[in-house]
$ cat data_4.pdb   # PDB, C-alpha atoms and all ligand atoms
ATOM      1  CA  MET A   1      -7.701  13.118  -6.506
ATOM      2  CA  THR A   2      -5.272  10.247  -6.717
ATOM      3  CA  LYS A   3      -2.174  10.208  -4.609
ATOM      4  CA  SER A   4       0.693   7.895  -5.378
ATOM      5  CA  ILE A   5       2.625   6.305  -2.596
ATOM      6  CA  ILE A   6       5.226   5.436  -5.135
ATOM      7  CA  SER A   7       5.590   7.471  -8.246
ATOM      8  CA  LEU A   8       8.229   8.829 -10.502
ATOM      9  CA  GLU A   9       5.954  11.487 -11.889
ATOM     10  CA  GLU A  10       3.930  12.691  -8.969
ATOM     11  CA  SER A  11       5.081  14.146  -5.717
ATOM     12  CA  MET A  12       3.274  13.976  -2.410
ATOM     13  CA  SER A  13       1.276  16.898  -1.104
ATOM     14  CA  LYS A  14       2.684  19.132   1.620
ATOM     15  CA  GLY A  15       6.154  18.741   0.130
ATOM     16  CA  ARG A  16       6.499  15.404   1.819
ATOM     17  CA  GLU A  17       7.394  13.149  -1.015
ATOM     18  CA  ILE A  18       8.714   9.880   0.325
ATOM     19  CA  LYS A  19      12.413  10.075  -0.210
ATOM     20  CA  GLY A  20      14.410   7.394  -1.950
ATOM     21  CA  LEU A  21      11.614   5.594  -3.701
ATOM     22  CA  ARG A  22      12.824   6.669  -7.081
ATOM     23  CA  LEU A  23      15.890   4.558  -6.554
ATOM     24  CA  HIS A  24      13.969   1.345  -6.219
ATOM     25  CA  GLY A  25      12.023  -1.134  -8.157
ATOM     26  CA  HIS A  26      12.091  -0.456 -11.789
ATOM     27  CA  PHE A  27      15.866  -0.577 -11.909
ATOM     28  CA  LEU A  28      15.896  -4.214 -10.871
ATOM     29  CA  GLU A  29      16.367  -6.461 -13.830
ATOM     30  CA  GLY A  30      13.221  -8.205 -14.986
ATOM     31  CA  ILE A  31      10.991  -6.137 -12.734
ATOM     32  CA  GLY A  32       8.760  -3.496 -14.208
ATOM     33  CA  TYR A  33       8.302  -0.081 -12.704
ATOM     34  CA  ARG A  34       5.796  -0.591  -9.926
ATOM     35  CA  ARG A  35       3.677   1.993  -8.223
ATOM     36  CA  CYS A  36       0.700   2.010  -5.932
ATOM     37  CA  GLU A  37      -1.835   4.776  -5.511
ATOM     38  CA  VAL A  38      -4.359   5.565  -2.845
ATOM     39  CA  GLY A  39      -7.120   7.648  -4.347
ATOM     40  CA  VAL A  40     -10.532   9.109  -3.654
ATOM     41  CA  ARG A  41     -13.352   8.565  -6.134
ATOM     42  CA  LYS A  42     -16.685  10.397  -6.099
ATOM     43  CA  ASP A  43     -19.404   7.904  -7.045
ATOM     44  CA  ALA A  44     -22.346  10.121  -5.979
ATOM     45  CA  PRO A  45     -22.756  13.482  -4.182
ATOM     46  CA  ASP A  46     -22.752  11.655  -0.851
ATOM     47  CA  LYS A  47     -20.601   8.672  -1.773
ATOM     48  CA  TRP A  48     -16.834   9.079  -1.719
ATOM     49  CA  VAL A  49     -14.768   5.931  -2.062
ATOM     50  CA  VAL A  50     -11.174   5.600  -0.900
ATOM     51  CA  TYR A  51      -9.562   3.030  -3.166
ATOM     52  CA  THR A  52      -6.112   1.716  -3.989
ATOM     53  CA  SER A  53      -4.693   0.646  -7.344
ATOM     54  CA  SER A  54      -1.321  -0.726  -8.321
ATOM     55  CA  PHE A  55       0.398  -0.665 -11.667
ATOM     56  CA  ILE A  56       3.437  -2.185 -13.237
ATOM     57  CA  ASP A  57       4.789  -0.368 -16.278
ATOM     58  CA  GLY A  58       1.464   1.450 -16.438
ATOM     59  CA  LYS A  59      -0.610  -1.761 -16.530
ATOM     60  CA  GLU A  60      -3.009  -2.249 -13.644
ATOM     61  CA  LEU A  61      -2.098  -5.098 -11.314
ATOM     62  CA  ALA A  62      -4.867  -4.850  -8.753
ATOM     63  CA  SER A  63      -7.449  -2.465  -7.381
ATOM     64  CA  TRP A  64      -9.337  -2.488  -4.080
ATOM     65  CA  ASP A  65     -12.141  -0.279  -2.816
ATOM     66  CA  ILE A  66     -11.209   0.381   0.803
ATOM     67  CA  VAL A  67     -13.975   2.399   2.455
ATOM     68  CA  GLU A  68     -16.847   4.770   1.648
ATOM     69  CA  PHE A  69     -17.612   8.136   3.236
ATOM     70  CA  PRO A  70     -20.584  10.461   2.789
ATOM     71  CA  CYS A  71     -18.141  13.395   2.927
ATOM     72  CA  GLY A  72     -15.285  14.093   0.503
ATOM     73  CA  THR A  73     -13.114  15.836   3.073
ATOM     74  CA  CYS A  74     -13.359  12.817   5.357
ATOM     75  CA  ALA A  75     -12.325  10.572   2.461
ATOM     76  CA  VAL A  76      -9.305  12.702   1.585
ATOM     77  CA  ALA A  77      -8.289  12.998   5.247
ATOM     78  CA  PHE A  78      -8.588   9.231   5.667
ATOM     79  CA  ARG A  79      -6.342   8.707   2.658
ATOM     80  CA  GLU A  80      -3.731  11.050   4.180
ATOM     81  CA  CYS A  81      -3.796   9.066   7.413
ATOM     82  CA  VAL A  82      -3.375   5.745   5.596
ATOM     83  CA  VAL A  83      -0.368   7.048   3.671
ATOM     84  CA  PHE A  84       1.299   9.303   6.246
ATOM     85  CA  GLY A  85       0.198   7.853   9.561
ATOM     86  CA  ASP A  86      -2.718   7.984  11.978
ATOM     87  CA  GLY A  87      -3.635  11.513  12.993
ATOM     88  CA  ASP A  88      -2.072  13.107   9.915
ATOM     89  CA  ALA A  89      -5.327  14.709   8.800
ATOM     90  CA  GLU A  90      -8.969  15.027   9.807
ATOM     91  CA  CYS A  91     -12.174  16.519   8.456
ATOM     92  CA  TYR A  92     -12.833  19.976   9.890
ATOM     93  CA  THR A  93     -16.585  19.244   9.899
ATOM     94  CA  HIS A  94     -16.658  15.685  11.192
ATOM     95  CA  ALA A  95     -13.440  15.347  13.148
ATOM     96  CA  GLN A  96     -14.220  13.665  16.428
ATOM     97  CA  GLY A  97     -10.964  12.203  17.576
ATOM     98  CA  GLY A  98      -9.957  11.256  14.046
ATOM     99  CA  PHE A  99     -10.354   7.886  12.412
ATOM    100  CA  SER A 100     -10.164   4.603  14.271
ATOM    101  CA  ASP A 101      -6.759   2.938  14.289
ATOM    102  CA  GLY A 102      -8.501  -0.270  13.271
ATOM    103  CA  ASP A 103      -9.861   1.345  10.134
ATOM    104  CA  THR A 104      -6.531   2.801   9.011
ATOM    105  CA  TYR A 105      -4.823  -0.498   9.836
ATOM    106  CA  ALA A 106      -7.339  -2.442   7.716
ATOM    107  CA  ALA A 107      -6.795   0.091   4.926
ATOM    108  CA  ARG A 108      -3.037  -0.452   5.104
ATOM    109  CA  VAL A 109      -3.586  -4.196   4.735
ATOM    110  CA  ALA A 110      -5.555  -3.443   1.554
ATOM    111  CA  VAL A 111      -2.888  -1.074   0.194
ATOM    112  CA  LEU A 112      -0.135  -3.563   0.999
ATOM    113  CA  CYS A 113      -1.965  -6.392  -0.795
ATOM    114  CA  CYS A 114      -2.712  -4.164  -3.762
ATOM    115  CA  PHE A 115       0.885  -2.978  -3.902
ATOM    116  CA  PHE A 116       1.917  -6.619  -4.120
ATOM    117  CA  GLY A 117      -0.551  -7.132  -6.961
ATOM    118  CA  LEU A 118      -2.922  -9.316  -4.959
ATOM    119  CA  SER A 119      -6.588  -8.946  -5.800
ATOM    120  CA  GLU A 120      -9.137  -9.351  -3.015
ATOM    121  CA  ALA A 121      -9.830 -12.865  -4.312
ATOM    122  CA  ASP A 122      -6.082 -13.663  -4.363
ATOM    123  CA  PHE A 123      -5.815 -12.454  -0.789
ATOM    124  CA  ALA A 124      -8.845 -14.478   0.327
ATOM    125  CA  SER A 125      -7.307 -17.664  -1.044
ATOM    126  CA  LEU A 126      -3.922 -17.204   0.660
ATOM    127  CA  PRO A 127      -2.965 -19.611   3.451
ATOM    128  CA  LEU A 128      -3.406 -18.226   6.958
ATOM    129  CA  VAL A 129       0.343 -17.920   7.517
ATOM    130  CA  SER A 130       0.684 -15.603   4.501
ATOM    131  CA  LYS A 131      -2.255 -13.465   5.594
ATOM    132  CA  SER A 132      -0.815 -13.228   9.070
ATOM    133  CA  ARG A 133       2.524 -12.052   7.638
ATOM    134  CA  LEU A 134       0.794  -9.308   5.667
ATOM    135  CA  PHE A 135      -1.136  -8.310   8.818
ATOM    136  CA  LYS A 136       2.137  -8.082  10.754
ATOM    137  CA  VAL A 137       3.685  -5.853   8.092
ATOM    138  CA  ALA A 138       0.600  -3.591   8.127
ATOM    139  CA  HIS A 139       0.968  -3.422  11.897
ATOM    140  CA  LEU A 140       4.627  -2.389  11.560
ATOM    141  CA  LEU A 141       3.527   0.339   9.127
ATOM    142  CA  SER A 142       0.839   1.484  11.554
ATOM    143  CA  THR A 143       3.282   1.763  14.440
ATOM    144  CA  GLY A 144       5.850   3.581  12.315
ATOM    145  CA  GLN A 145       8.449   0.809  12.600
ATOM    146  CA  LEU A 146       8.324   0.412   8.851
ATOM    147  CA  THR A 147       7.850   2.897   6.001
ATOM    148  CA  TRP A 148       6.137   2.440   2.636
ATOM    149  CA  GLU A 149       9.520   3.110   1.080
ATOM    150  CA  LYS A 150      11.036   0.093   2.819
ATOM    151  CA  VAL A 151       8.000  -2.004   2.006
ATOM    152  CA  ALA A 152       8.458  -1.097  -1.666
ATOM    153  CA  ARG A 153      12.047  -2.266  -1.544
ATOM    154  CA  ALA A 154      11.101  -5.571   0.114
ATOM    155  CA  ILE A 155       8.289  -6.169  -2.390
ATOM    156  CA  GLU A 156      10.636  -5.568  -5.289
ATOM    157  CA  ALA A 157      13.198  -7.983  -3.864
ATOM    158  CA  ALA A 158      10.562 -10.671  -3.354
ATOM    159  CA  GLU A 159       9.067 -10.017  -6.768
ATOM    160  CA  GLN A 160      12.455 -10.447  -8.405
ATOM    161  CA  LEU A 161      12.821 -13.890  -6.789
ATOM    162  CA  ARG A 162       9.238 -14.720  -7.755
ATOM    163  CA  SER A 163       9.937 -14.069 -11.423
ATOM    164  CA  GLN A 164      13.322 -15.797 -11.391
ATOM    165  CA  LEU A 165      12.235 -18.887  -9.475
ATOM    166  CA  SER A 166       8.524 -19.005 -10.355
ATOM    167  CA  LEU A 167       7.586 -18.829  -6.691
ATOM    168  CA  SER A 168       4.035 -19.273  -5.465
ATOM    169  CA  TRP A 169       2.327 -16.394  -3.668
ATOM    170  CA  LYS A 170       3.017 -18.106  -0.355
ATOM    171  CA  GLU A 171       6.720 -18.441  -1.135
ATOM    172  CA  THR A 172       6.865 -14.857  -2.410
ATOM    173  CA  ILE A 173       5.269 -13.538   0.776
ATOM    174  CA  ASP A 174       7.685 -15.680   2.830
ATOM    175  CA  GLU A 175      10.580 -13.981   1.008
ATOM    176  CA  PHE A 176       8.979 -10.571   1.450
ATOM    177  CA  TYR A 177       8.545 -11.146   5.158
ATOM    178  CA  ARG A 178      12.153 -12.306   5.490
ATOM    179  CA  GLU A 179      13.263  -9.048   3.822
ATOM    180  CA  VAL A 180      11.040  -6.972   6.076
ATOM    181  CA  LYS A 181      12.360  -8.633   9.222
ATOM    182  CA  GLN A 182      15.915  -7.820   8.157
ATOM    183  CA  ILE A 183      14.930  -4.176   7.658
ATOM    184  CA  VAL A 184      13.083  -3.805  10.944
ATOM    185  CA  VAL A 185      15.519  -5.625  13.236
TER     186      VAL A 185
HETATM  187 ZN    ZN B   1     -16.207  14.983   6.807
END

$ encode --input "data_4.pdb" --output "structure tokens" --more "lines below"
Ligand SMILES: [Zn+2]
Amino acid sequence: MTKSIISLEESMSKGREIKGLRLHGHFLEGIGYRRCEVGVRKDAPDKWVVYTSSFIDGKELASWDIVEFPCGTCAVAFRECVVFGDGDAECYTHAQGGFSDGDTYAARVAVLCCFFGLSEADFASLPLVSKSRLFKVAHLLSTGQLTWEKVARAIEAAEQLRSQLSLSWKETIDEFYREVKQIVV
């Protein structure tokens, strides 16, 4: 039930694997192979949790529970929308105009943070400017101006500087945002 946004081993459903991701990340010197998954976990018959986990060289970096649904189909459809874009999927039983854009946006913030390796506590302790940069990037993802593939590339670039220069989270996110702005403009 786990879908990788970035993975060497797994491909996306519907034949829509994100192209190009295999070229990035783990080939950069000093940077492990990074991937981020958005999955659905069944905790009880009526409790389905959409969560995200990130790994570097197979070791877990961070994990966030995003949202709970009483219906598994809703949970899977929500995951599809977070990864592929609003309106990508809906539950045939409960679809009523799909999911709210606010919910998928908030989920993308969580996936983005997790992808970076930020725990919820790490995120909470970030300065406002860093949070606002992550919100802006999630917004760009939500509007389709940015893809997860490009985000992966920008994260890897920032992460490489972080390990070379021992940057703080704030400085790393500044670098990430600078990369993203170059991609989008
Ligand atoms: Zn449903």

$ residues_near_ligand --input "data_4.pdb" --ligand "ligand ZN 1 (chain B)" --cutoff "7 Å" --atoms "only C-alpha atoms and all ligand atoms" --output "list in words"
Cys71, Gly72, Thr73, Cys74, Cys91, Tyr92, Thr93, His94 and Ala95 of chain A

$ write_last_selection --input "data_4.pdb" --atoms "C-alpha atoms" --output "PDB file, in the coordinates of the input"
ATOM      1  CA  CYS A  71     -18.141  13.395   2.927  1.00  0.00           C
ATOM      2  CA  GLY A  72     -15.285  14.093   0.503  1.00  0.00           C
ATOM      3  CA  THR A  73     -13.114  15.836   3.073  1.00  0.00           C
ATOM      4  CA  CYS A  74     -13.359  12.817   5.357  1.00  0.00           C
ATOM      5  CA  CYS A  91     -12.174  16.519   8.456  1.00  0.00           C
ATOM      6  CA  TYR A  92     -12.833  19.976   9.890  1.00  0.00           C
ATOM      7  CA  THR A  93     -16.585  19.244   9.899  1.00  0.00           C
ATOM      8  CA  HIS A  94     -16.658  15.685  11.192  1.00  0.00           C
ATOM      9  CA  ALA A  95     -13.440  15.347  13.148  1.00  0.00           C
TER      10      ALA A  95
END

$ resolve_selection --input "data_4.pdb" --expression "the PyMOL selection byres (((chain A and resi 140-152) around 7) and not hetatm)" --output "PyMOL selection string"
chain A and resi 18+21+85+105+136-139+153-156+184

$ atom_distance --input "data_4.pdb" --atom1 "atom CA of Leu112 of chain A" --atom2 "atom CA of Lys42 of chain A"
22.8 Å

$ atom_distance --input "data_4.pdb" --atom1 "atom CA of Gly58 of chain A" --atom2 "atom CA of Phe115 of chain A"
13.3 Å

$ resolve_selection --input "data_4.pdb" --expression "the PyMOL selection byres (((chain A and resi 53) around 9) and not hetatm)" --output "list of chain:residue names"
A:Arg35, A:Cys36, A:Glu37, A:Val38, A:Gly39, A:Tyr51, A:Thr52, A:Ser54, A:Phe55, A:Glu60, A:Leu61, A:Ala62, A:Ser63, A:Trp64, A:Asp65, A:Val111, A:Cys114, A:Phe115, A:Gly117

$ resolve_selection --input "data_4.pdb" --expression "the PyMOL selection byres (((chain A and resi 158) around 12) and not hetatm)" --output "ChimeraX atom specification"
/A:25,28,31,116,151-157,159-180

$ atom_distance --input "data_4.pdb" --atom1 "atom CA of Asp86 of chain A" --atom2 "atom CA of Glu120 of chain A"
23.8 Å

$ residues_around --input "data_4.pdb" --residues "Gly87 of chain A" --least-positions-apart "3" --cutoff "9 Å" --atoms "all atoms listed in the file" --output "number ranges by chain"
A: 80-81, 84, 90, 97-99

$ closest_residue --input "data_4.pdb" --among "A:Arg34, A:Phe135, A:Ala110, A:Asp101" --to "Lys59 of chain A" --atoms "only C-alpha atoms"
A:Arg34

$ closest_residue --input "data_4.pdb" --among "A:Ser119, A:Val129, A:Val82, A:Ala77" --to "Gly102 of chain A" --atoms "all atoms listed in the file"
A:Val82

$ closest_residue --input "data_4.pdb" --among "A:Ala89, A:Ala106, A:Val40, A:Ile56" --to "Glu68 of chain A" --atoms "all atoms listed in the file"
A:Val40
